[in-house]
file query-v3.csv (CSV, C-alpha atoms and all ligand atoms)
chain,number,residue,atom,x,y,z
A,1,MET,CA,6.4,-12.4,24.9
A,2,MET,CA,6.2,-10.4,21.7
A,3,VAL,CA,3.1,-11.3,19.7
A,4,ASP,CA,3.7,-10.9,16.0
A,5,SER,CA,0.9,-9.5,13.9
A,6,TYR,CA,0.0,-8.2,10.4
A,7,ILE,CA,-3.1,-6.0,10.6
A,8,LEU,CA,-4.9,-4.6,7.7
A,9,ALA,CA,-6.8,-1.4,8.7
A,10,ILE,CA,-9.6,0.3,7.0
A,11,GLU,CA,-10.9,3.9,7.5
A,12,SER,CA,-14.0,5.2,5.8
A,13,SER,CA,-15.8,7.4,8.4
A,14,CYS,CA,-15.8,10.7,6.4
A,15,ASP,CA,-14.3,11.7,3.1
A,16,GLU,CA,-11.0,9.8,3.1
A,17,THR,CA,-11.0,6.2,1.9
A,18,SER,CA,-7.8,4.7,3.5
A,19,ALA,CA,-6.2,1.4,4.1
A,20,ALA,CA,-3.0,0.6,5.9
A,21,VAL,CA,-1.0,-2.5,6.8
A,22,LEU,CA,0.9,-2.6,10.1
A,23,HIS,CA,3.5,-5.1,11.3
A,24,ASN,CA,2.9,-4.8,15.0
A,25,ASP,CA,3.3,-1.1,15.8
A,26,ARG,CA,5.1,-0.2,12.5
A,27,VAL,CA,3.3,1.0,9.4
A,28,LEU,CA,4.2,-0.8,6.2
A,29,SER,CA,1.8,1.1,4.0
A,30,ASN,CA,-0.8,3.8,4.5
A,31,ILE,CA,-2.8,4.6,1.4
A,32,ILE,CA,-5.3,7.6,1.5
A,33,ALA,CA,-7.7,8.4,-1.3
A,34,THR,CA,-9.0,11.9,-0.6
A,35,GLN,CA,-12.4,12.5,-2.1
A,36,LYS,CA,-12.3,15.7,-4.2
A,37,VAL,CA,-16.0,15.5,-5.2
A,38,HIS,CA,-17.0,17.5,-2.0
A,39,GLU,CA,-14.9,20.6,-2.8
A,40,LYS,CA,-17.4,22.3,-5.0
A,41,TYR,CA,-20.2,21.9,-2.4
A,42,GLY,CA,-18.1,23.5,0.4
A,43,GLY,CA,-18.5,20.6,2.7
A,44,VAL,CA,-18.8,16.8,2.8
A,45,VAL,CA,-22.0,15.5,1.0
A,46,PRO,CA,-22.7,12.2,2.8
A,47,GLU,CA,-24.3,10.4,-0.2
A,48,LEU,CA,-21.4,11.3,-2.4
A,49,ALA,CA,-18.9,10.1,0.2
A,50,SER,CA,-20.5,6.7,0.4
A,51,ARG,CA,-20.4,6.3,-3.4
A,52,ALA,CA,-16.8,7.4,-3.6
A,53,HIS,CA,-15.9,4.9,-0.8
A,54,GLN,CA,-17.5,2.2,-2.9
A,55,GLN,CA,-15.3,3.2,-5.9
A,56,ASN,CA,-12.1,3.5,-3.9
A,57,ILE,CA,-12.2,0.7,-1.3
A,58,VAL,CA,-11.0,-2.2,-3.5
A,59,PRO,CA,-8.1,-0.4,-5.2
A,60,VAL,CA,-7.0,1.3,-2.0
A,61,VAL,CA,-6.9,-2.0,0.0
A,62,ASP,CA,-5.1,-3.6,-3.0
A,63,GLN,CA,-2.5,-0.9,-3.1
A,64,ALA,CA,-2.0,-1.0,0.7
A,65,LEU,CA,-1.3,-4.8,0.6
A,66,SER,CA,1.0,-4.6,-2.5
A,67,GLU,CA,3.0,-1.6,-1.1
A,68,ALA,CA,3.4,-3.4,2.2
A,69,GLY,CA,4.5,-6.5,0.4
A,70,VAL,CA,2.1,-8.5,2.5
A,71,ALA,CA,-0.2,-11.2,0.9
A,72,LYS,CA,-3.7,-11.3,2.3
A,73,GLU,CA,-3.1,-14.9,3.5
A,74,GLN,CA,-0.5,-13.4,5.9
A,75,LEU,CA,-2.9,-11.1,7.7
A,76,THR,CA,-3.6,-11.7,11.3
A,77,ALA,CA,-6.7,-9.5,11.7
A,78,ILE,CA,-8.7,-6.7,10.0
A,79,ALA,CA,-9.3,-3.5,12.0
A,80,TYR,CA,-11.9,-1.0,10.7
A,81,THR,CA,-13.6,2.2,11.8
A,82,GLN,CA,-16.9,1.3,13.5
A,83,GLY,CA,-17.7,5.0,14.3
A,84,PRO,CA,-18.3,7.8,14.9
A,85,GLY,CA,-18.8,9.2,11.4
A,86,LEU,CA,-21.2,9.3,8.5
A,87,MET,CA,-23.4,6.2,8.5
A,88,GLY,CA,-23.3,5.4,4.8
A,89,ALA,CA,-19.6,5.9,4.7
A,90,LEU,CA,-19.0,3.7,7.7
A,91,HIS,CA,-21.2,1.0,6.1
A,92,VAL,CA,-18.8,0.7,3.1
A,93,GLY,CA,-15.7,0.1,5.3
A,94,SER,CA,-17.4,-2.2,7.8
A,95,SER,CA,-19.1,-4.4,5.2
A,96,PHE,CA,-15.8,-4.7,3.3
A,97,ALA,CA,-13.9,-5.5,6.4
A,98,LYS,CA,-16.4,-8.1,7.5
A,99,SER,CA,-16.5,-9.8,4.1
A,100,MET,CA,-12.7,-9.9,3.8
A,101,ALA,CA,-12.2,-11.1,7.4
A,102,MET,CA,-14.8,-13.8,6.9
A,103,ALA,CA,-13.3,-15.0,3.6
A,104,LEU,CA,-9.8,-15.2,5.2
A,105,ASP,CA,-11.2,-16.6,8.5
A,106,ILE,CA,-9.4,-14.1,10.6
A,107,PRO,CA,-10.7,-11.8,13.5
A,108,LEU,CA,-12.3,-8.5,13.0
A,109,ILE,CA,-11.4,-5.5,15.2
A,110,PRO,CA,-13.9,-2.6,15.4
A,111,VAL,CA,-12.1,0.7,16.2
A,112,HIS,CA,-13.3,4.0,17.6
A,113,HIS,CA,-12.2,6.8,15.2
A,114,MET,CA,-11.4,9.3,18.0
A,115,ARG,CA,-9.4,6.8,20.1
A,116,ALA,CA,-7.5,6.0,16.9
A,117,HIS,CA,-6.6,9.7,16.5
A,118,ILE,CA,-5.1,9.6,20.0
A,119,LEU,CA,-3.2,6.3,19.6
A,120,ALA,CA,-1.6,7.6,16.4
A,121,HIS,CA,1.1,8.7,18.8
A,122,PHE,CA,2.1,5.1,19.3
A,123,ILE,CA,2.9,4.4,15.7
A,124,ARG,CA,6.6,3.5,15.8
A,125,GLU,CA,8.6,5.3,13.3
A,126,SER,CA,12.0,4.7,14.9
A,127,ASP,CA,13.6,2.7,17.8
A,128,ASP,CA,14.4,5.8,19.8
A,129,GLN,CA,11.1,7.6,19.3
A,130,ALA,CA,9.6,9.3,22.4
A,131,VAL,CA,6.0,8.3,23.0
A,132,PRO,CA,3.8,9.6,25.8
A,133,SER,CA,3.6,7.6,29.0
A,134,PHE,CA,0.3,7.1,30.8
A,135,PRO,CA,-1.5,9.1,32.0
A,136,PHE,CA,-1.3,11.9,29.5
A,137,LEU,CA,-3.7,14.4,28.1
A,138,CYS,CA,-4.7,14.7,24.5
A,139,LEU,CA,-6.4,17.6,22.8
A,140,THR,CA,-8.2,16.0,19.9
A,141,VAL,CA,-9.2,18.7,17.4
A,142,SER,CA,-10.8,17.7,14.0
A,143,GLY,CA,-13.6,18.7,11.7
A,144,GLY,CA,-16.1,16.9,13.8
A,145,HIS,CA,-14.7,16.9,17.3
A,146,THR,CA,-12.9,19.0,19.9
A,147,GLN,CA,-12.1,17.1,23.1
A,148,ILE,CA,-9.7,17.1,26.0
A,149,VAL,CA,-9.1,13.5,26.8
A,150,LEU,CA,-7.4,12.0,29.9
A,151,VAL,CA,-5.6,8.9,28.5
A,152,ARG,CA,-5.0,6.5,31.4
A,153,SER,CA,-4.0,3.6,29.1
A,154,ALA,CA,-4.4,2.6,25.5
A,155,LEU,CA,-7.9,1.3,26.3
A,156,ASP,CA,-8.9,3.6,29.1
A,157,MET,CA,-9.8,7.2,28.1
A,158,GLU,CA,-12.0,9.8,29.6
A,159,VAL,CA,-13.3,13.0,28.0
A,160,ILE,CA,-12.8,15.8,30.5
A,161,GLY,CA,-13.8,18.7,28.3
A,162,GLU,CA,-15.4,19.1,24.8
A,163,THR,CA,-17.1,21.5,22.6
A,164,ILE,CA,-20.8,22.2,23.2
A,165,ASP,CA,-21.4,23.3,19.6
A,166,ASP,CA,-19.0,23.5,16.6
A,167,ALA,CA,-15.7,21.7,16.5
A,168,ALA,CA,-12.5,23.7,16.1
A,169,GLY,CA,-12.0,22.4,12.5
A,170,GLU,CA,-15.6,23.4,11.7
A,171,ALA,CA,-14.9,26.9,13.2
A,172,LEU,CA,-12.0,27.3,10.8
A,173,ASP,CA,-13.7,25.7,7.8
A,174,LYS,CA,-16.8,27.9,8.3
A,175,ALA,CA,-14.7,31.0,8.7
A,176,ALA,CA,-12.8,30.1,5.5
A,177,LYS,CA,-16.1,29.7,3.7
A,178,VAL,CA,-17.3,33.2,4.5
A,179,MET,CA,-14.0,34.5,3.3
A,180,GLY,CA,-14.5,32.7,0.0
A,181,LEU,CA,-11.7,30.1,0.6
A,182,PRO,CA,-11.9,26.5,-0.8
A,183,TYR,CA,-13.1,23.6,1.4
A,184,PRO,CA,-11.7,22.4,3.7
A,185,GLY,CA,-10.5,25.9,4.7
A,186,GLY,CA,-8.4,25.0,7.8
A,187,PRO,CA,-5.1,24.4,5.8
A,188,HIS,CA,-5.8,27.6,3.7
A,189,ILE,CA,-6.2,29.7,6.8
A,190,ASP,CA,-3.0,28.2,8.2
A,191,LYS,CA,-1.1,29.1,5.0
A,192,LEU,CA,-2.4,32.6,4.6
A,193,ALA,CA,-2.0,33.3,8.3
A,194,THR,CA,1.8,32.9,8.0
A,195,GLN,CA,1.8,36.2,6.0
A,196,GLY,CA,-0.5,38.1,8.3
A,197,ASP,CA,-0.4,40.0,11.6
A,198,ALA,CA,-2.2,37.9,14.3
A,199,LEU,CA,-2.8,40.9,16.5
A,200,LYS,CA,-4.3,43.2,13.9
A,201,TYR,CA,-7.9,42.3,14.6
A,202,ARG,CA,-9.4,41.2,17.9
A,203,PHE,CA,-12.1,38.6,18.2
A,204,THR,CA,-13.8,37.7,21.5
A,205,ILE,CA,-12.6,34.7,23.4
A,206,PRO,CA,-15.8,32.7,24.3
A,207,GLN,CA,-16.7,32.4,27.9
A,208,ILE,CA,-18.0,29.0,29.0
A,209,GLY,CA,-17.4,27.0,32.1
A,210,GLY,CA,-15.2,24.0,33.0
A,211,PHE,CA,-12.9,22.7,30.3
A,212,ASN,CA,-15.6,22.8,27.6
A,213,TYR,CA,-15.4,24.9,24.5
A,214,SER,CA,-17.9,26.8,22.4
A,215,PHE,CA,-17.0,28.0,18.9
A,216,SER,CA,-20.4,29.2,17.5
A,217,GLY,CA,-20.1,32.7,19.0
A,218,LEU,CA,-16.7,33.2,17.6
A,219,LYS,CA,-17.9,32.3,14.1
A,220,THR,CA,-20.8,34.8,14.5
A,221,ASN,CA,-18.3,37.4,15.8
A,222,LEU,CA,-16.3,37.0,12.6
A,223,LEU,CA,-19.4,37.1,10.4
A,224,TYR,CA,-20.6,40.4,11.9
A,225,PHE,CA,-17.1,41.9,11.8
A,226,LEU,CA,-16.8,41.1,8.1
A,227,ARG,CA,-20.3,42.3,7.3
A,228,ASP,CA,-19.6,45.7,9.1
A,229,GLN,CA,-16.2,46.1,7.4
A,230,LYS,CA,-17.6,45.2,3.9
A,231,ALA,CA,-20.4,47.8,4.3
A,232,ASN,CA,-17.7,50.6,4.2
A,233,ASP,CA,-15.1,48.9,2.1
A,234,ALA,CA,-16.2,46.2,-0.5
A,235,ALA,CA,-12.6,45.1,-1.0
A,236,PHE,CA,-11.9,44.6,2.7
A,237,ILE,CA,-11.7,40.8,2.8
A,238,GLU,CA,-9.6,40.6,-0.3
A,239,ARG,CA,-7.1,43.2,0.9
A,240,GLU,CA,-6.9,42.1,4.5
A,241,LEU,CA,-7.3,38.3,4.0
A,242,ASN,CA,-3.9,37.4,5.5
A,243,HIS,CA,-4.4,39.5,8.6
A,244,ILE,CA,-8.0,38.3,9.1
A,245,CYS,CA,-6.8,34.6,8.8
A,246,ALA,CA,-3.9,35.2,11.2
A,247,SER,CA,-6.1,37.0,13.7
A,248,TYR,CA,-8.9,34.5,13.6
A,249,GLN,CA,-6.5,31.5,13.8
A,250,HIS,CA,-4.8,33.3,16.7
A,251,VAL,CA,-7.9,33.5,18.8
A,252,VAL,CA,-8.9,29.9,18.0
A,253,THR,CA,-5.5,28.5,18.9
A,254,GLU,CA,-5.1,30.7,22.0
A,255,TYR,CA,-8.5,29.6,23.2
A,256,LEU,CA,-7.8,25.9,22.6
A,257,LEU,CA,-4.5,26.0,24.5
A,258,ALA,CA,-5.6,28.2,27.4
A,259,ARG,CA,-8.3,25.6,28.3
A,260,TYR,CA,-5.9,22.7,27.6
A,261,ALA,CA,-3.3,24.2,29.9
A,262,ALA,CA,-5.8,24.8,32.7
A,263,ALA,CA,-7.0,21.2,32.4
A,264,ALA,CA,-3.4,19.9,32.6
A,265,ALA,CA,-2.7,22.0,35.7
A,266,GLN,CA,-5.9,20.8,37.4
A,267,HIS,CA,-5.2,17.2,36.6
A,268,GLY,CA,-1.5,17.4,37.5
A,269,VAL,CA,-0.6,16.0,34.0
A,270,THR,CA,2.6,17.2,32.4
A,271,GLN,CA,2.5,15.4,29.1
A,272,LEU,CA,0.3,17.1,26.5
A,273,ALA,CA,-0.5,15.6,23.1
A,274,LEU,CA,-2.3,16.9,20.1
A,275,ALA,CA,-4.4,14.8,17.7
A,276,GLY,CA,-6.9,15.1,14.8
A,277,GLY,CA,-6.8,17.1,11.6
A,278,VAL,CA,-6.4,20.5,13.2
A,279,SER,CA,-3.2,19.3,14.9
A,280,ALA,CA,-1.7,19.8,11.5
A,281,ASN,CA,-2.1,23.6,12.1
A,282,SER,CA,1.4,25.2,12.3
A,283,ALA,CA,0.4,27.9,14.9
A,284,LEU,CA,-1.2,25.3,17.2
A,285,ARG,CA,1.8,23.1,17.0
A,286,ALA,CA,4.3,25.9,17.6
A,287,LYS,CA,2.2,27.3,20.5
A,288,LEU,CA,1.9,23.9,22.3
A,289,ILE,CA,5.7,23.5,22.0
A,290,SER,CA,6.4,26.9,23.6
A,291,LEU,CA,3.7,26.5,26.2
A,292,CYS,CA,5.2,23.1,27.3
A,293,ALA,CA,8.8,24.6,27.2
A,294,GLU,CA,7.7,27.5,29.5
A,295,ARG,CA,6.1,25.1,32.0
A,296,ASN,CA,8.6,22.3,31.8
A,297,TRP,CA,5.9,20.0,30.3
A,298,GLN,CA,6.4,17.6,27.4
A,299,ALA,CA,4.6,18.2,24.1
A,300,PHE,CA,3.7,15.3,21.7
A,301,ILE,CA,2.7,16.2,18.2
A,302,PRO,CA,2.0,13.5,15.6
A,303,PRO,CA,3.7,13.7,12.2
A,304,PHE,CA,1.6,15.5,9.6
A,305,SER,CA,0.7,12.2,7.8
A,306,TYR,CA,-1.0,10.9,10.9
A,307,CYS,CA,-2.9,14.1,11.8
A,308,THR,CA,-5.7,14.0,9.3
A,309,ASP,CA,-7.8,10.9,8.7
A,310,ASN,CA,-5.8,7.8,7.8
A,311,ALA,CA,-6.0,4.1,8.3
A,312,ALA,CA,-2.6,3.8,10.0
A,313,MET,CA,-4.1,5.2,13.2
A,314,ILE,CA,-6.9,2.7,12.9
A,315,GLY,CA,-4.3,0.0,12.6
A,316,ILE,CA,-2.3,1.0,15.7
A,317,CYS,CA,-5.6,1.3,17.7
A,318,GLY,CA,-6.6,-2.1,16.4
A,319,TYR,CA,-3.2,-3.5,17.3
A,320,GLN,CA,-3.6,-2.4,20.9
A,321,GLN,CA,-7.1,-3.9,21.1
A,322,TRP,CA,-5.8,-7.1,19.5
A,323,LEU,CA,-3.1,-7.4,22.1
A,324,ALA,CA,-5.7,-6.9,24.8
A,325,GLY,CA,-7.8,-9.7,23.3
A,326,HIS,CA,-10.6,-7.5,21.9
A,327,ARG,CA,-12.4,-9.1,18.9
A,328,GLY,CA,-15.4,-7.9,17.0
A,329,ALA,CA,-18.6,-9.8,16.3
A,330,TRP,CA,-20.0,-10.4,12.8
A,331,SER,CA,-23.2,-8.7,14.0
A,332,ASP,CA,-21.5,-5.4,15.0
A,333,ALA,CA,-23.1,-2.5,13.3
A,334,PRO,CA,-21.5,0.9,12.5
A,335,LYS,CA,-22.2,3.7,15.0
A,336,ALA,CA,-22.7,7.2,13.6
A,337,SER,CA,-22.3,8.6,17.1
A,338,TRP,CA,-20.3,6.9,19.7
A,339,SER,CA,-19.0,8.4,22.9
A,340,LEU,CA,-15.4,7.7,23.9
B,401,LIG,O1,-9.3,14.5,11.5
B,401,LIG,P1,-9.8,15.1,10.2
B,401,LIG,O2,-9.0,14.7,9.0
B,401,LIG,O3,-11.3,14.7,9.9
B,401,LIG,C1,-12.2,14.6,10.9
B,401,LIG,O4,-12.3,13.5,11.5
B,401,LIG,O5,-12.9,15.6,11.0
B,401,LIG,O6,-9.9,16.7,10.4
B,401,LIG,C2,-10.2,17.5,9.3
B,401,LIG,C3,-10.2,19.0,9.8
B,401,LIG,C4,-10.8,20.0,8.9
B,401,LIG,O7,-11.6,20.8,9.6
B,401,LIG,C5,-9.6,20.7,8.3
B,401,LIG,O8,-9.9,22.1,8.0
B,401,LIG,C6,-8.6,20.7,9.5
B,401,LIG,O9,-8.8,19.3,10.0
B,401,LIG,N1,-7.2,20.9,9.1
B,401,LIG,C7,-6.5,22.0,9.5
B,401,LIG,C8,-5.3,21.9,8.9
B,401,LIG,N2,-5.2,20.7,8.2
B,401,LIG,C9,-6.4,20.1,8.4
B,401,LIG,N3,-6.9,23.1,10.2
B,401,LIG,C10,-6.0,24.0,10.4
B,401,LIG,N4,-4.7,24.0,9.9
B,401,LIG,C11,-4.3,22.9,9.2
B,401,LIG,N5,-3.1,22.9,8.7
B,402,ZN,ZN,-10.7,12.3,12.1

call {"tool": "encode", "arguments": {"input": "query-v3.csv", "output": "structure tokens", "more": "lines below"}}
Ligand code: KG4
Ligand code: ZN
result
Amino acid sequence: MMVDSYILAIESSCDETSAAVLHNDRVLSNIIATQKVHEKYGGVVPELASRAHQQNIVPVVDQALSEAGVAKEQLTAIAYTQGPGLMGALHVGSSFAKSMAMALDIPLIPVHHMRAHILAHFIRESDDQAVPSFPFLCLTVSGGHTQIVLVRSALDMEVIGETIDDAAGEALDKAAKVMGLPYPGGPHIDKLATQGDALKYRFTIPQIGGFNYSFSGLKTNLLYFLRDQKANDAAFIERELNHICASYQHVVTEYLLARYAAAAAQHGVTQLALAGGVSANSALRAKLISLCAERNWQAFIPPFSYCTDNAAMIGICGYQQWLAGHRGAWSDAPKASWSL
């Protein structure tokens, strides 16, 4: 039997204040207020993020409801990001969700941010949309995480490999910073790389066992390379920017996918999904598609709007949990770190 639901979802784990309304697995609205205040600091300033969430949360939720054409009295439940993320930022979303759910006397559904990134694949955009079938693998690559996840069901996931230091997004953002690009640098590298030669400069692929990743050496490799080049040629970065971006992005994406393909082969899984902010990267998307075509595997790549942080993914995850009967408690506290 189809259970009908209207779920309001709230995301506030980092620097995006977002609210969405879902009717079952369909998104009626997905409002995202990106906090610009962090740009001049070259990274997210936690205290400023909490303040901006406080300013944004009411107007963002209001807009999500009005754009969806759903009155708050129609809501079935409220899903919110319980973690992982910045503690102060999580407090804003969770306190708001609790108060609203209590006032409306409806259930609260706490959601794991990284599970939500993965389940974004199940947001239904059309009736004939292909969605992954279980089990599948998901490479979740964001500013804070890099994980290969074996997804056995919507509620049963296992991390089979992850970064032991920096996340892939962090590796791109930090590289962008040393090249003088604005924060977050990932999208800038992506754009500039389209004009560059990806094989012009060679960076060393990190060597580390299993299906884990390490990005800190790669970042140091770039730093020393730029330092040495600049010593002879002060205008090196400026002149070669597109090629450096293309070459660095090349090594990061090749590395990500080489490990991912090895994990798929070992686990005998032929459906490979991408999730998280870095899955917006055009090279990573194109390479996964050609890798899967070569091996007769299936690639699943979320639409751009569901790659970076958004509440629609919290909503679809909340919807799956709601179907399974998961409900939160009023005493649930945000979790800054929370394993999958
Ligand atoms: O998932 P997300 O929005 O936030 C976290 O949970 O971290 O991911 C943000 C990360 C940032 O590191 C940003 O640079 C990266 O995603 N990103 C990209 C692109 N768009 C966003 N990296 C490479 N290419 C892009 N097009
Ligand atoms: Zn995220």

call {"tool": "closest_residue", "arguments": {"input": "query-v3.csv", "among": "A:Leu48, A:Ala77, A:Ala333, A:Ala280", "to": "ligand LIG 401 (chain B)", "atoms": "all atoms listed in the file"}}
result
A:Ala280

call {"tool": "atom_distance", "arguments": {"input": "query-v3.csv", "atom1": "atom C8 of ligand LIG 401 (chain B)", "atom2": "atom CA of A:Gly277"}}
result
5.7 Å

call {"tool": "residues_near_point", "arguments": {"input": "query-v3.csv", "point": "(-14.6, -4.5, 5.7)", "cutoff": "9 Å", "atoms": "all atoms listed in the file", "output": "list in words"}}
result
Ala9, Ile10, Ile78, Ala79, Tyr80, His91, Val92, Gly93, Ser94, Ser95, Phe96, Ala97, Lys98, Ser99, Met100, Ala101 and Leu108 of chain A

call {"tool": "atom_distance", "arguments": {"input": "query-v3.csv", "atom1": "atom C11 of ligand LIG 401 (chain B)", "atom2": "atom CA of A:Ala246"}}
result
12.5 Å

call {"tool": "atom_distance", "arguments": {"input": "query-v3.csv", "atom1": "atom CA of A:Pro132", "atom2": "atom CA of A:Gly210"}}
result
24.9 Å

call {"tool": "residues_around", "arguments": {"input": "query-v3.csv", "residues": "stretch 284-298 of chain A", "least_positions_apart": "6", "cutoff": "7 Å", "atoms": "only C-alpha atoms", "output": "ChimeraX atom specification"}}
result
/A:253,270-272

call {"tool": "residues_near_ligand", "arguments": {"input": "query-v3.csv", "ligand": "ligand ZN 402 (chain B)", "cutoff": "12 Å", "atoms": "all atoms listed in the file", "output": "VMD selection string"}}
result
chain A and resid 11 to 18 81 83 to 86 112 to 118 120 140 to 146 167 169 275 to 280 306 to 314

call {"tool": "closest_residue", "arguments": {"input": "query-v3.csv", "among": "A:Gly88, A:Gly325, A:Pro59, A:Gly196", "to": "A:Tyr248", "atoms": "only C-alpha atoms"}}
result
A:Gly196

call {"tool": "closest_residue", "arguments": {"input": "query-v3.csv", "among": "A:Leu155, A:Ile301, A:Leu75, A:Leu139", "to": "A:Val111", "atoms": "only C-alpha atoms"}}
result
A:Leu155

call {"tool": "closest_residue", "arguments": {"input": "query-v3.csv", "among": "A:Thr76, A:Thr34, A:Gln195, A:Ser153", "to": "A:Phe134", "atoms": "all atoms listed in the file"}}
result
A:Ser153

call {"tool": "closest_atom_pairs", "arguments": {"input": "query-v3.csv", "of": "stretch 112-152 of chain A", "to": "stretch 156-160 of chain A", "cutoff": "6 Å", "atoms": "only C-alpha atoms", "output": "tab-separated table"}}
result
residue	atom	partner	partner_atom	distance
A:Ile148	CA	A:Ile160	CA	5.6
A:Val149	CA	A:Val159	CA	4.4
A:Leu150	CA	A:Glu158	CA	5.1
A:Val151	CA	A:Met157	CA	4.5
A:Arg152	CA	A:Asp156	CA	5.4
